[in-house]
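Here's the structure, in structure tokens; my notes come after.
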Amino acid sequence: KTLRGGGWVHSAGGMELRDKVIGIVGLGRIGMRAAELFHAFRPRELLGWSRRAKPEFSKEPLMGQHTSLEEIFERADVVSLHIALNSDTRGFVGRNLLERLRSSAVLINVARGGVLDQTAMCDLLCQRRFRAGLDVFEEEPIPADDPIRQVPAEQAVLTPHVAYKSLEALQRRMEITSANLRAFHDGNPINIVS
């Protein structure tokens with residue numbers, strides 16, 4: 001937008017992932033894939049939390065360390081959320097965990113907006129307690145009076161729930177849906193969510 005408007009702004013610079021501590025909350029299929037991608041940037045350490053142990057997270061090549069949520073939020077330079085939204089996880093990441101983040105830390109939420117306390121997060125972001133990259137929100141589209149709109153731009157990068165949206169991902173989604181319908185029709189349902 002700046003360049004198209006004729007402007008030119010020099011960035012103060014970003015942060016590399018190399019030699020950083022990365023914390024992944026939720027080590028299901030998506031969280032494990034995120035761990036693989038983070039690993040490619042050669043972090044110093046990969047920390048992970050999951051309700052159930054994921055032995056593959058601790059093995060080569062990832063060599064991740066299972067730990068507590070508290071340790072992840074206290075030690076990680078980047079905390080990436082990958083947990084499903086359900087009755088057990090609504091507001092799962094609350095003020096108590098968010099307050100453990102250092103001012104240099106970055107919180108990434110590409111899971112679901114409801115897994116964290118968005119009001120507490122907005123309050124802490126406005127206090128410049130940490131930074132965030134958010135692709136999901138408690139209510140989408142974001143209402144005009146939502147506190148996230150008051151967060152200083154340098155504290156949060158906001159995208160409109162598009163992290164999943166590539167042409168290839170949409171094609172895979174159609175193929176999976178089609179296979180699910182065929183299997184259900186044939187009496188052999190797959191990908192059952194209980």
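Residues are referred to by chain and number: the chain letter is A, B, ... according to the order shown in the structure tokens, the number counts from 1 in that chain, and ligands are numbered separately from 1 in the order shown.
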
Spatial neighbours of Arg90 of chain A, 9 Å, only C-alpha atoms, chain gap at least 2 places, as JSON, numbers by chain: {"A": [85, 86, 87, 88, 92, 93, 113, 114, 115, 116, 117]}

Can you spit out the residues from that selection as a PDB file, in the first residue's frame, using C-alpha atoms?
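As a result, out_2.pdb now contains:
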```
ATOM      1  CA  LEU A  85     -11.269 -24.861  19.155  1.00  0.00           C
ATOM      2  CA  ASN A  86     -13.705 -26.829  21.269  1.00  0.00           C
ATOM      3  CA  SER A  87     -15.333 -26.593  24.699  1.00  0.00           C
ATOM      4  CA  ASP A  88     -12.040 -27.595  26.376  1.00  0.00           C
ATOM      5  CA  PHE A  92      -7.219 -21.901  26.716  1.00  0.00           C
ATOM      6  CA  VAL A  93      -4.445 -19.306  26.378  1.00  0.00           C
ATOM      7  CA  GLY A 113      -9.425 -16.907  17.546  1.00  0.00           C
ATOM      8  CA  GLY A 114     -11.377 -18.394  20.426  1.00  0.00           C
ATOM      9  CA  VAL A 115      -8.452 -20.454  21.769  1.00  0.00           C
ATOM     10  CA  LEU A 116      -7.057 -17.371  23.439  1.00  0.00           C
ATOM     11  CA  ASP A 117      -8.447 -14.594  25.578  1.00  0.00           C
TER      12      ASP A 117
END
```

Picked from segment 151-180 of chain A by DSSP as helix (DSSP H, G or I), as a list in words: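 Of segment 151-180 of chain A, only Ala153, Glu154, Gln155, Leu167, Glu168, Ala169, Leu170, Gln171, Arg172, Arg173, Met174, Glu175, Ile176, Thr177, Ser178, Ala179 and Asn180 of chain A fall in helix (DSSP H, G or I).
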
Neighbour list for segment 42-53 of chain A as a ChimeraX atom specification, cut-off 7 Å, only C-alpha atoms, skip fewer than 6 positions in-chain: /A:17-27,64-69,72

Which residue of A:Asp146, A:Glu36, A:Glu74, A:Glu16 approaches Leu98 of chain A most closely, using only C-alpha atoms: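 Among the listed residues, the smallest separation from Leu98 of chain A belongs to A:Glu74.
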
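Checking A:Ala120, A:Met63, A:Ala111, A:Ala153 one by one against Leu97 of chain A, counting only C-alpha atoms, you find the shortest gap at A:Ala120.
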
For atom CA of Pro160 of chain A and atom CA of Arg129 of chain A, the interatomic separation in Å (one decimal):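 Calculated distance between atom CA of Pro160 of chain A and atom CA of Arg129 of chain A is 23.3 Å.
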
Arg95 of chain A environment, 10 Å, only C-alpha atoms, sequence neighbours closer than 4 positions dropped, as a ChimeraX atom specification: /A:91,99-100,116-121,123-124

In segment 11-191 of chain A, DSSP strand (DSSP E or B) residues written as a list in words: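 So the strand (DSSP E or B) residues in segment 11-191 of chain A would be Val21, Ile22, Gly23, Ile24, Val25, Glu45, Leu46, Leu47, Gly48, Trp49, Gln65, His66, Val78, Val79, Ser80, Leu81, Val93, Val106, Leu107, Ile108, Asn109, Leu116, Arg131, Ala132, Gly133, Leu134, Ala156, Val157 and Leu158 of chain A.
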
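Minimum atom-to-atom distance to Val193 of chain A, evaluated using only C-alpha atoms, belongs to A:Ala84 out of A:Ala84, A:Asp77, A:Leu101, A:Asp135.
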